[in-house]
Amino acid sequence: MSNTEKEADTASKTATIDPIAIATPGNGGTSYSNEVNFFFSGDSGAVRQAIIGAREAGKQLLKSLAPDEPLESATVPYI
């Protein structure tokens with residue numbers, strides 16, 4: 001499981017959501033990038049919690065790549 005797939009896994013375990021699809025470089029969904037797209041649905045509260053959980057997992061991954069760099073957003077996050 002790649003690091004980006006771990007973020008999708010975290011999102012699915014954070015709240016009760018219905019997974020629809022996942023697109024990874026390995027299955028041809030994003031063959032020219034290192035991105036993973038996880039499509040899911042659910043009630044608004046569950047989707048919000050899943051997004052927050054995936055964002056936190058992604059921030060931990062970024063921090064491991066550059067531990068001395070601050071994790072600051074250039075904008076105000078919507079969620």
# chains A, B, ... in the order shown; residues from 1 in each chain; ligands from 1
>>> select_by_dssp(residues="chain A", states="strand (DSSP E or B)", output="list of chain:residue names")
A:Asp18, A:Pro19, A:Ile20, A:Ala21, A:Ile22, A:Ala23, A:Asn37, A:Phe38, A:Phe39, A:Phe40, A:Ser41
>>> residues_around(residues="Glu56 in chain A", least_positions_apart="2", cutoff="12 Å", atoms="only C-alpha atoms", output="VMD selection string")
chain A and resid 4 6 to 8 10 to 11 14 49 to 54 58 to 63 71 79
>>> write_last_selection(atoms="C-alpha atoms", output="compact mmCIF listing (two decimals), in the first residue's frame")
# COMPACT_ATOMS: atom_id res chain seq x y z
CA THR A 4 -1.27 8.03 -0.72
CA LYS A 6 -2.96 5.02 3.23
CA GLU A 7 -4.66 8.42 3.20
CA ALA A 8 -7.66 6.90 1.42
CA THR A 10 -7.59 6.57 6.79
CA ALA A 11 -10.51 8.45 5.23
CA THR A 14 -12.48 7.77 10.05
CA GLN A 49 -14.77 13.71 9.04
CA ALA A 50 -13.32 11.47 6.33
CA ILE A 51 -11.77 14.48 4.57
CA ILE A 52 -10.30 15.78 7.82
CA GLY A 53 -8.86 12.34 8.61
CA ALA A 54 -7.27 12.01 5.17
CA GLY A 58 -1.38 13.59 4.35
CA LYS A 59 0.11 16.22 6.65
CA GLN A 60 1.96 13.51 8.57
CA LEU A 61 3.34 12.17 5.29
CA LEU A 62 4.49 15.63 4.22
CA LYS A 63 6.09 16.22 7.62
CA LEU A 71 3.17 22.84 7.78
CA ILE A 79 -12.94 22.25 5.74
>>> select_by_dssp(residues="chain A", states="helix (DSSP H, G or I)", output="PyMOL selection string")
chain A and resi 3-14+25-27+44-65
>>> residues_around(residues="Gly42 in chain A", least_positions_apart="4", cutoff="6 Å", atoms="only C-alpha atoms", output="short mmCIF file (atom, residue, chain, number, x, y, z; two decimals) with C-alpha atoms, in the first residue's frame")
data_model
loop_
_atom_site.label_atom_id
_atom_site.label_comp_id
_atom_site.auth_asym_id
_atom_site.auth_seq_id
_atom_site.Cartn_x
_atom_site.Cartn_y
_atom_site.Cartn_z
CA ILE A 17 -18.83 6.48 4.22
CA ASP A 18 -19.64 4.57 1.06
CA VAL A 47 -17.78 13.02 4.54
#
>>> atom_distance(atom1="CA of Asp9 in chain A", atom2="CA of Phe38 in chain A")
9.1 Å
>>> closest_residue(among="A:Ser73, A:Gly45, A:Tyr32, A:Lys13", to="Ala57 in chain A", atoms="only C-alpha atoms")
A:Lys13
>>> atom_distance(atom1="CA of Glu69 in chain A", atom2="CA of Thr24 in chain A")
27.6 Å
>>> atom_distance(atom1="CA of Ser12 in chain A", atom2="CA of Glu35 in chain A")
17.1 Å
>>> residues_around(residues="Pro19 in chain A", least_positions_apart="4", cutoff="7 Å", atoms="only C-alpha atoms", output="PyMOL selection string")
chain A and resi 39-41
